[in-house]
Structures are given as structure tokens and as C-alpha cells.
Amino acid sequence: MRQGLIFEQGGVNFSEVFGDRLPPSILKQRPEAEGHGFYATGTSMVLHPRSPYIPTVHLNYRYFEAGPVWWFGGGADLTPYYPFAEDAAHFHHTFKQACDTHHNEYYPTFKRWCDEYFYLKHRQETRGVGGLFFDYQDGRGELYRGPAVDGPAATYSREIGNPTPRHWEELFAFVQECGRAFIPAYEPIVQRRKDIEYGERERNFQLYRRGRYVEFNLVYDRGTIFGLQTNGRTESILMSLPPLVRWEYGYEPEPGTPEAELYDTFLKPQDWANWKPDTAV
């Protein structure tokens with residue numbers, strides 16, 4: 001979808017990948033899968049709004065199996081350009097409700113994992129306000145299966161211990177619940193912000209911040225790396241990139257501006273699910 005009234009560009013991918021040799025990115029994480037053919041399927045979506053006041057949004061849910069090894073992964077995250085606490089809170093609260101329907105430790109673990117995953121190390125900032133991220137969920141062991149063994153997500157996961165084992169159908173139902181939560185989480189934000197007027201200043205800041213989206217997807221995003229390593233369709237793999245973007249050398253927001261508030265507060269992990277209108281962020 002291109003050049004819409006609300007969305008400048010957007011797309012939805014459905015993928016089905018299989019083969020006899022596992023890509024290196026998988027073997028690095030799950031070496032026990034070596035020697036088996038693999039099958040992976042998933043859906044992903046990225047929407048880049050035209051208005052700087054509407055956040056970019058992304059979701060991805062996937063399933064992988066190789067012999068006796070299988071797991072679900074995915075999540076959704078929000079990348080605002082201008083700071084509206086009620087939007088971030090609504091997005092997080094909606095996904096928390098979806099998680100709590102299946103396990104009350106899913107959201108606090110996967111929210112921390114999302115803050116960790118969508119972090120640009122070279123910028124020392126998050127990509128946006130986060131949401132959910134999880135991977136390697138096979139119903140056994142600790143919920144956190146990421147690389148940062150001393151990070152907040154890993155620490156929290158160790159503290160709560162191993163949940164009761166969950167079978168394939170339970171995890172599939174959880175992923176479906178997350179998928180159904182997307183429209184209730186995002187559409188109200190679009191409706192609130194789509195008619196706000198903006199000017200060249202706001203548009204330029206949006207294009208500058210889109211650069212961070214490009215940097216993350218080309219440097220860190222595991223889905224992009226997996227797709228390229230498995231010889232996927234390049235146009236689909238790079239569909240997540242915005243249509244227009246700009247970089248500016250040494251940019252710093254003016255103190256006291258909305259742009260500065262984005263940097264000072266919204267690009268650092270916050271407890272958005274428990275935010276209230278009278279809560280200081």
C-alpha cells in the first residue's frame with residue numbers, strides 16, 4: 001500500500017520457508033536443531049503513516065520447526081515521532097490484556113524483552129516505546145530466551161522461575177490472541193491523531209527519526225537477517241523500510257520542545273501499561 005491519505009506506505013508479508021540446511025542465525029541460537037530440515041512460517045506488518053503525529057507500527061508472529069525442535073516467536077511495537085503518553089499507554093495496556101488472558105507473567109517478561117530487543121546500541125536509545133517481543137517459546141523452561149543473561153528481562157524471568165509447561169495448542173492460542181489485539185491497540189491512536197495539522201518542522205523531524213528505523217532494521221533486526229540468509233524475496237524483506245527518510249549530522253533537539261521530550265522520556269523504557277493521565281512519565 002503506497003501513497004494513502006493516512007499511510008504513506010505499508011505492507012503485510014506472509015512467509016513460508018523450508019529447506020535442508022539451517023541458516024547460521026538459527027544454529028547460533030539453537031544448535032540442537034543441526035542436522036534437520038527446517039520449516040518456518042509467519043506474518044509481518046509495518047505501517048508508516050504520513051502524519052508525524054501517528055506512530056509507525058510493526059508486528060510479526062512466526063513459527064519454526066526443525067526435527068524435534070519447534071517454537072513460536074513474535075511481538076508488536078510502536079514507534080512514535082511525537083510524545084503522547086496516552087497512546088503509548090493504550091498500546092501497552094491492550095497487549096497486556098491479551099497476554100494476561102493466557103499467563104500473567106507473559107506481559108512483564110515480554111515487555112522487558114521488547115525494550116531490550118528494539119534498542120539501538122550505537123545510539124543508546126530504544127527504537128520507540130516498545131510493546132511485546134518473545135522468541136523460542138516451546139512451552140518449557142524460562143520465558144526469557146534472549147542473549148542478555150544479566151538484563152532486566154532475564155533477571156525478571158529467573159525471579160519468577162519456570163512456568164508450568166504449556167503445550168503447542170496453548171502457545172498457538174496465545175499468538176492468535178496477540179494478533180487479534182493489534183487493531184484495538186492501534187486504530188484508536190490513528191483516529192485520535194490523523195486530523196492534527198502539522199508543518200515542515202514536524203515532517204522533517206519525522207523523516208529524521210525514520211532514519212533510526214532504517215538503522216535498526218538493517219543492522220540488528222533478526223527477521224531481516226534470516227530472510228536474506230535464506231534467499232527470501234528481497235522486496236518483501238525490505239518492505240519494512242520507510243519510503244522517505246533523512247539523516248542530519250549531530251542533531252540535538254531544542255530543550256523544552258516535544259522533540260526533546262521524545263528523547264528524554266519516550267526513548268527510555270517506561271511502565272506504560274500502568275500509566276494514568278495524572279501520572280508523571
# chains A, B, ... in the order shown; residues from 1 in each chain; ligands from 1
>>> select_by_dssp(residues="range 5-211 of chain A", states="helix (DSSP H, G or I)", output="number ranges by chain")
A: 24-29, 31-33, 85-100, 106-117, 152-160, 168-180, 182-193, 200-211
>>> closest_residue(among="A:Leu171, A:Leu120, A:Ile54, A:Val69", to="Leu267 in chain A", atoms="only C-alpha atoms")
A:Leu120
>>> closest_residue(among="A:Leu143, A:Met239, A:Leu218, A:Val129", to="Tyr263 in chain A", atoms="only C-alpha atoms")
A:Val129
>>> residues_around(residues="Cys99 in chain A", least_positions_apart="6", cutoff="10 Å", atoms="only C-alpha atoms", output="list of chain:residue names")
A:His93, A:Glu105, A:Tyr106, A:Tyr107, A:Pro108, A:Phe110, A:Leu132, A:Phe174, A:Val175, A:Glu177, A:Cys178, A:Ala181
>>> residues_around(residues="Glu125 in chain A", least_positions_apart="4", cutoff="10 Å", atoms="only C-alpha atoms", output="short mmCIF file (atom, residue, chain, number, x, y, z; two decimals) with N, CA, C and O atoms, in the first residue's frame")
data_model
loop_
_atom_site.label_atom_id
_atom_site.label_comp_id
_atom_site.auth_asym_id
_atom_site.auth_seq_id
_atom_site.Cartn_x
_atom_site.Cartn_y
_atom_site.Cartn_z
N ASP A 115 11.84 -4.08 25.12
CA ASP A 115 12.70 -2.92 25.38
C ASP A 115 14.16 -3.26 25.08
O ASP A 115 14.91 -2.42 24.58
N PHE A 118 14.53 -4.00 20.82
CA PHE A 118 14.45 -2.83 19.95
C PHE A 118 15.28 -1.67 20.52
O PHE A 118 14.78 -0.57 20.74
N TYR A 119 16.53 -1.95 20.74
CA TYR A 119 17.46 -0.98 21.31
C TYR A 119 18.61 -0.79 20.35
O TYR A 119 19.24 -1.76 19.92
N LEU A 120 18.87 0.45 19.98
CA LEU A 120 19.98 0.76 19.08
C LEU A 120 21.22 1.04 19.92
O LEU A 120 21.36 2.12 20.50
N LYS A 121 22.09 0.07 19.99
CA LYS A 121 23.26 0.18 20.85
C LYS A 121 24.14 1.36 20.45
O LYS A 121 24.68 2.06 21.30
N ARG A 212 16.30 6.19 12.21
CA ARG A 212 16.57 5.22 13.26
C ARG A 212 15.92 3.87 12.92
O ARG A 212 16.45 2.81 13.23
N TYR A 263 13.00 12.27 23.24
CA TYR A 263 14.31 11.73 23.59
C TYR A 263 14.43 11.47 25.09
O TYR A 263 14.94 10.42 25.51
N ASP A 264 13.99 12.42 25.88
CA ASP A 264 14.22 12.34 27.33
C ASP A 264 13.39 11.27 28.01
O ASP A 264 13.80 10.71 29.03
N PHE A 266 10.44 9.13 26.08
CA PHE A 266 9.79 8.09 25.29
C PHE A 266 10.78 7.10 24.67
O PHE A 266 10.37 6.03 24.23
N LEU A 267 12.04 7.46 24.60
CA LEU A 267 13.05 6.55 24.07
C LEU A 267 13.81 5.87 25.19
O LEU A 267 14.92 5.36 24.98
N LYS A 268 13.19 5.82 26.35
CA LYS A 268 13.72 5.08 27.50
C LYS A 268 12.58 4.21 28.04
O LYS A 268 11.42 4.63 28.04
N PRO A 269 12.86 3.00 28.49
CA PRO A 269 11.79 2.11 28.97
C PRO A 269 10.96 2.75 30.08
O PRO A 269 11.50 3.33 31.02
#
>>> residues_around(residues="Gln3 in chain A", least_positions_apart="3", cutoff="10 Å", atoms="only C-alpha atoms", output="JSON, numbers by chain")
{"A": [6, 7, 8, 9, 10, 49, 50, 243]}
>>> closest_residue(among="A:Pro83, A:Gly130, A:Pro152, A:Gly223", to="Arg62 in chain A", atoms="only C-alpha atoms")
A:Gly223
>>> residues_around(residues="Thr109 in chain A", least_positions_apart="4", cutoff="7 Å", atoms="only C-alpha atoms", output="PyMOL selection string")
chain A and resi 105+113+144+153+156-157
>>> write_last_selection(atoms="N, CA, C and O atoms", output="short mmCIF file (atom, residue, chain, number, x, y, z; two decimals), in the first residue's frame")
data_model
loop_
_atom_site.label_atom_id
_atom_site.label_comp_id
_atom_site.auth_asym_id
_atom_site.auth_seq_id
_atom_site.Cartn_x
_atom_site.Cartn_y
_atom_site.Cartn_z
N GLU A 105 2.42 -13.72 33.60
CA GLU A 105 3.82 -13.33 33.53
C GLU A 105 4.30 -13.10 32.10
O GLU A 105 5.45 -12.70 31.88
N TRP A 113 11.63 -7.76 27.40
CA TRP A 113 12.38 -8.32 26.28
C TRP A 113 12.28 -7.40 25.06
O TRP A 113 13.26 -7.21 24.33
N TYR A 144 12.18 -16.14 29.27
CA TYR A 144 13.17 -15.37 28.52
C TYR A 144 14.21 -16.30 27.91
O TYR A 144 14.80 -17.13 28.60
N ALA A 153 15.08 -8.34 31.47
CA ALA A 153 14.17 -9.43 31.10
C ALA A 153 14.64 -10.76 31.66
O ALA A 153 13.85 -11.54 32.20
N TYR A 156 14.19 -10.78 35.52
CA TYR A 156 12.79 -10.98 35.90
C TYR A 156 12.37 -12.43 35.65
O TYR A 156 11.70 -13.05 36.48
N SER A 157 12.78 -12.97 34.51
CA SER A 157 12.40 -14.34 34.17
C SER A 157 12.95 -15.34 35.19
O SER A 157 12.27 -16.29 35.59
#
>>> residues_around(residues="Glu142 in chain A", least_positions_apart="2", cutoff="7 Å", atoms="only C-alpha atoms", output="JSON, numbers by chain")
{"A": [140, 144, 157, 158, 161, 162, 163]}
>>> closest_residue(among="A:Pro242, A:Asn217, A:Phe91, A:Phe18", to="Ile183 in chain A", atoms="only C-alpha atoms")
A:Phe91
>>> select_by_dssp(residues="range 30-278 of chain A", states="strand (DSSP E)", output="compact mmCIF listing (two decimals) with C-alpha atoms, in the first residue's frame")
# COMPACT_ATOMS: atom_id res chain seq x y z
CA PHE A 38 13.54 -26.85 8.73
CA TYR A 39 10.18 -25.22 8.18
CA ALA A 40 9.31 -21.64 9.12
CA THR A 41 6.18 -19.60 8.56
CA GLY A 42 4.97 -16.26 9.76
CA THR A 43 3.30 -12.95 9.10
CA SER A 44 4.71 -9.47 9.48
CA MET A 45 3.35 -5.98 9.01
CA VAL A 46 4.78 -2.47 9.01
CA LEU A 47 2.75 0.73 8.59
CA HIS A 48 4.46 4.09 8.01
CA PRO A 49 1.89 6.87 8.48
CA THR A 56 4.81 3.80 12.93
CA VAL A 57 3.75 0.30 13.96
CA HIS A 58 5.17 -3.16 13.42
CA LEU A 59 4.09 -6.70 14.21
CA ASN A 60 5.48 -10.10 13.48
CA TYR A 61 4.39 -13.58 14.54
CA ARG A 62 6.18 -16.72 13.43
CA TYR A 63 6.55 -20.46 13.92
CA PHE A 64 9.66 -22.56 13.35
CA GLU A 65 10.40 -26.26 13.47
CA ALA A 66 13.38 -28.47 12.69
CA VAL A 69 12.79 -28.60 17.80
CA TRP A 70 9.92 -26.12 17.47
CA TRP A 71 8.95 -22.71 18.80
CA PHE A 72 6.78 -19.64 18.42
CA GLY A 73 8.03 -16.08 18.39
CA GLY A 74 6.92 -12.58 17.58
CA GLY A 75 5.52 -9.42 19.03
CA ALA A 76 4.41 -5.89 18.20
CA ASP A 77 5.93 -2.49 18.88
CA LEU A 78 5.08 1.18 18.48
CA THR A 79 7.42 3.90 17.21
CA TYR A 119 17.46 -0.98 21.31
CA LEU A 120 19.98 0.76 19.08
CA GLU A 125 18.22 4.65 22.72
CA THR A 126 15.20 2.46 22.07
CA GLY A 130 8.18 -0.94 22.70
CA GLY A 131 5.37 -3.41 23.20
CA LEU A 132 5.94 -7.18 23.17
CA PHE A 133 8.77 -9.35 21.94
CA PHE A 134 9.29 -13.07 22.53
CA ASP A 135 11.08 -15.93 20.83
CA TYR A 136 11.93 -19.63 21.22
CA GLN A 137 8.68 -20.29 23.10
>>> closest_residue(among="A:Val12, A:Ala98, A:Ala88, A:Cys114", to="Phe182 in chain A", atoms="only C-alpha atoms")
A:Ala98
>>> closest_residue(among="A:Gly227, A:Gly37, A:Asp87, A:Glu200", to="Glu16 in chain A", atoms="only C-alpha atoms")
A:Gly227
>>> decode(residues="range 6-47 of chain A", atoms="N, CA and C atoms", output="mmCIF file, in the first residue's frame")
data_model
loop_
_atom_site.group_PDB
_atom_site.id
_atom_site.type_symbol
_atom_site.label_atom_id
_atom_site.label_comp_id
_atom_site.auth_asym_id
_atom_site.auth_seq_id
_atom_site.Cartn_x
_atom_site.Cartn_y
_atom_site.Cartn_z
ATOM 1 N N ILE A 6 -3.709 8.352 4.814
ATOM 2 C CA ILE A 6 -3.203 8.213 6.181
ATOM 3 C C ILE A 6 -1.858 7.512 6.190
ATOM 4 N N PHE A 7 -1.718 6.452 5.418
ATOM 5 C CA PHE A 7 -0.474 5.690 5.428
ATOM 6 C C PHE A 7 0.321 5.969 4.154
ATOM 7 N N GLU A 8 1.514 6.498 4.369
ATOM 8 C CA GLU A 8 2.395 6.783 3.242
ATOM 9 C C GLU A 8 2.880 5.501 2.589
ATOM 10 N N GLN A 9 3.096 4.488 3.419
ATOM 11 C CA GLN A 9 3.465 3.173 2.905
ATOM 12 C C GLN A 9 3.181 2.128 3.967
ATOM 13 N N GLY A 10 2.756 0.966 3.534
ATOM 14 C CA GLY A 10 2.515 -0.127 4.463
ATOM 15 C C GLY A 10 2.507 -1.436 3.720
ATOM 16 N N GLY A 11 2.687 -2.502 4.454
ATOM 17 C CA GLY A 11 2.669 -3.807 3.815
ATOM 18 C C GLY A 11 2.473 -4.923 4.809
ATOM 19 N N VAL A 12 1.977 -6.034 4.311
ATOM 20 C CA VAL A 12 1.816 -7.248 5.108
ATOM 21 C C VAL A 12 2.490 -8.387 4.346
ATOM 22 N N ASN A 13 3.350 -9.104 5.021
ATOM 23 C CA ASN A 13 4.024 -10.268 4.426
ATOM 24 C C ASN A 13 3.520 -11.547 5.063
ATOM 25 N N PHE A 14 3.327 -12.550 4.245
ATOM 26 C CA PHE A 14 3.128 -13.907 4.734
ATOM 27 C C PHE A 14 4.256 -14.750 4.148
ATOM 28 N N SER A 15 4.974 -15.454 4.999
ATOM 29 C CA SER A 15 6.136 -16.195 4.520
ATOM 30 C C SER A 15 6.038 -17.666 4.862
ATOM 31 N N GLU A 16 6.607 -18.482 3.996
ATOM 32 C CA GLU A 16 6.739 -19.924 4.203
ATOM 33 C C GLU A 16 8.095 -20.314 3.639
ATOM 34 N N VAL A 17 9.003 -20.720 4.521
ATOM 35 C CA VAL A 17 10.376 -21.026 4.134
ATOM 36 C C VAL A 17 10.721 -22.417 4.636
ATOM 37 N N PHE A 18 11.360 -23.209 3.792
ATOM 38 C CA PHE A 18 11.780 -24.538 4.235
ATOM 39 C C PHE A 18 13.020 -24.947 3.458
ATOM 40 N N GLY A 19 13.768 -25.888 4.027
ATOM 41 C CA GLY A 19 14.972 -26.337 3.352
ATOM 42 C C GLY A 19 15.678 -27.411 4.142
ATOM 43 N N ASP A 20 16.775 -27.899 3.585
ATOM 44 C CA ASP A 20 17.543 -28.975 4.207
ATOM 45 C C ASP A 20 18.648 -28.468 5.114
ATOM 46 N N ARG A 21 19.082 -27.216 4.906
ATOM 47 C CA ARG A 21 20.189 -26.671 5.686
ATOM 48 C C ARG A 21 19.714 -25.459 6.472
ATOM 49 N N LEU A 22 19.948 -25.496 7.763
ATOM 50 C CA LEU A 22 19.525 -24.400 8.620
ATOM 51 C C LEU A 22 20.416 -23.184 8.415
ATOM 52 N N PRO A 23 19.823 -21.975 8.421
ATOM 53 C CA PRO A 23 20.637 -20.766 8.301
ATOM 54 C C PRO A 23 21.481 -20.554 9.563
ATOM 55 N N PRO A 24 22.630 -19.902 9.441
ATOM 56 C CA PRO A 24 23.527 -19.702 10.584
ATOM 57 C C PRO A 24 22.868 -18.990 11.763
ATOM 58 N N SER A 25 21.940 -18.057 11.490
ATOM 59 C CA SER A 25 21.314 -17.313 12.581
ATOM 60 C C SER A 25 20.507 -18.222 13.496
ATOM 61 N N ILE A 26 19.963 -19.325 12.960
ATOM 62 C CA ILE A 26 19.208 -20.281 13.776
ATOM 63 C C ILE A 26 20.152 -21.207 14.529
ATOM 64 N N LEU A 27 21.160 -21.719 13.850
ATOM 65 C CA LEU A 27 22.093 -22.635 14.506
ATOM 66 C C LEU A 27 22.822 -21.975 15.665
ATOM 67 N N LYS A 28 23.054 -20.682 15.560
ATOM 68 C CA LYS A 28 23.720 -19.971 16.642
ATOM 69 C C LYS A 28 22.869 -19.984 17.900
ATOM 70 N N GLN A 29 21.545 -19.876 17.739
ATOM 71 C CA GLN A 29 20.640 -19.837 18.880
ATOM 72 C C GLN A 29 20.238 -21.229 19.355
ATOM 73 N N ARG A 30 20.014 -22.144 18.413
ATOM 74 C CA ARG A 30 19.533 -23.484 18.777
ATOM 75 C C ARG A 30 20.385 -24.547 18.076
ATOM 76 N N PRO A 31 21.582 -24.780 18.561
ATOM 77 C CA PRO A 31 22.484 -25.741 17.899
ATOM 78 C C PRO A 31 21.931 -27.157 17.866
ATOM 79 N N GLU A 32 21.003 -27.481 18.762
ATOM 80 C CA GLU A 32 20.445 -28.844 18.776
ATOM 81 C C GLU A 32 19.587 -29.133 17.554
ATOM 82 N N ALA A 33 19.264 -28.095 16.766
ATOM 83 C CA ALA A 33 18.473 -28.293 15.552
ATOM 84 C C ALA A 33 19.329 -28.741 14.371
ATOM 85 N N GLU A 34 20.649 -28.748 14.543
ATOM 86 C CA GLU A 34 21.546 -29.082 13.432
ATOM 87 C C GLU A 34 21.290 -30.505 12.943
ATOM 88 N N GLY A 35 21.370 -30.670 11.626
ATOM 89 C CA GLY A 35 21.181 -31.986 11.031
ATOM 90 C C GLY A 35 19.764 -32.258 10.588
ATOM 91 N N HIS A 36 18.849 -31.322 10.820
ATOM 92 C CA HIS A 36 17.450 -31.497 10.433
ATOM 93 C C HIS A 36 17.057 -30.479 9.370
ATOM 94 N N GLY A 37 16.128 -30.887 8.532
ATOM 95 C CA GLY A 37 15.494 -29.918 7.659
ATOM 96 C C GLY A 37 14.638 -28.986 8.498
ATOM 97 N N PHE A 38 14.295 -27.819 7.944
ATOM 98 C CA PHE A 38 13.540 -26.846 8.730
ATOM 99 C C PHE A 38 12.326 -26.346 7.957
ATOM 100 N N TYR A 39 11.381 -25.849 8.722
ATOM 101 C CA TYR A 39 10.185 -25.215 8.176
ATOM 102 C C TYR A 39 9.874 -23.990 9.025
ATOM 103 N N ALA A 40 9.645 -22.862 8.391
ATOM 104 C CA ALA A 40 9.312 -21.638 9.119
ATOM 105 C C ALA A 40 8.206 -20.915 8.388
ATOM 106 N N THR A 41 7.269 -20.366 9.156
ATOM 107 C CA THR A 41 6.179 -19.603 8.560
ATOM 108 C C THR A 41 5.831 -18.452 9.488
ATOM 109 N N GLY A 42 5.314 -17.401 8.922
ATOM 110 C CA GLY A 42 4.973 -16.256 9.763
ATOM 111 C C GLY A 42 4.282 -15.159 8.981
ATOM 112 N N THR A 43 3.877 -14.150 9.713
ATOM 113 C CA THR A 43 3.303 -12.954 9.103
ATOM 114 C C THR A 43 3.941 -11.739 9.752
ATOM 115 N N SER A 44 4.146 -10.704 8.958
ATOM 116 C CA SER A 44 4.710 -9.468 9.480
ATOM 117 C C SER A 44 4.025 -8.289 8.813
ATOM 118 N N MET A 45 3.992 -7.176 9.528
ATOM 119 C CA MET A 45 3.347 -5.980 9.006
ATOM 120 C C MET A 45 4.072 -4.756 9.512
ATOM 121 N N VAL A 46 4.239 -3.772 8.632
ATOM 122 C CA VAL A 46 4.777 -2.472 9.006
ATOM 123 C C VAL A 46 3.927 -1.405 8.335
ATOM 124 N N LEU A 47 3.519 -0.392 9.115
ATOM 125 C CA LEU A 47 2.752 0.735 8.591
ATOM 126 C C LEU A 47 3.505 2.027 8.906
#
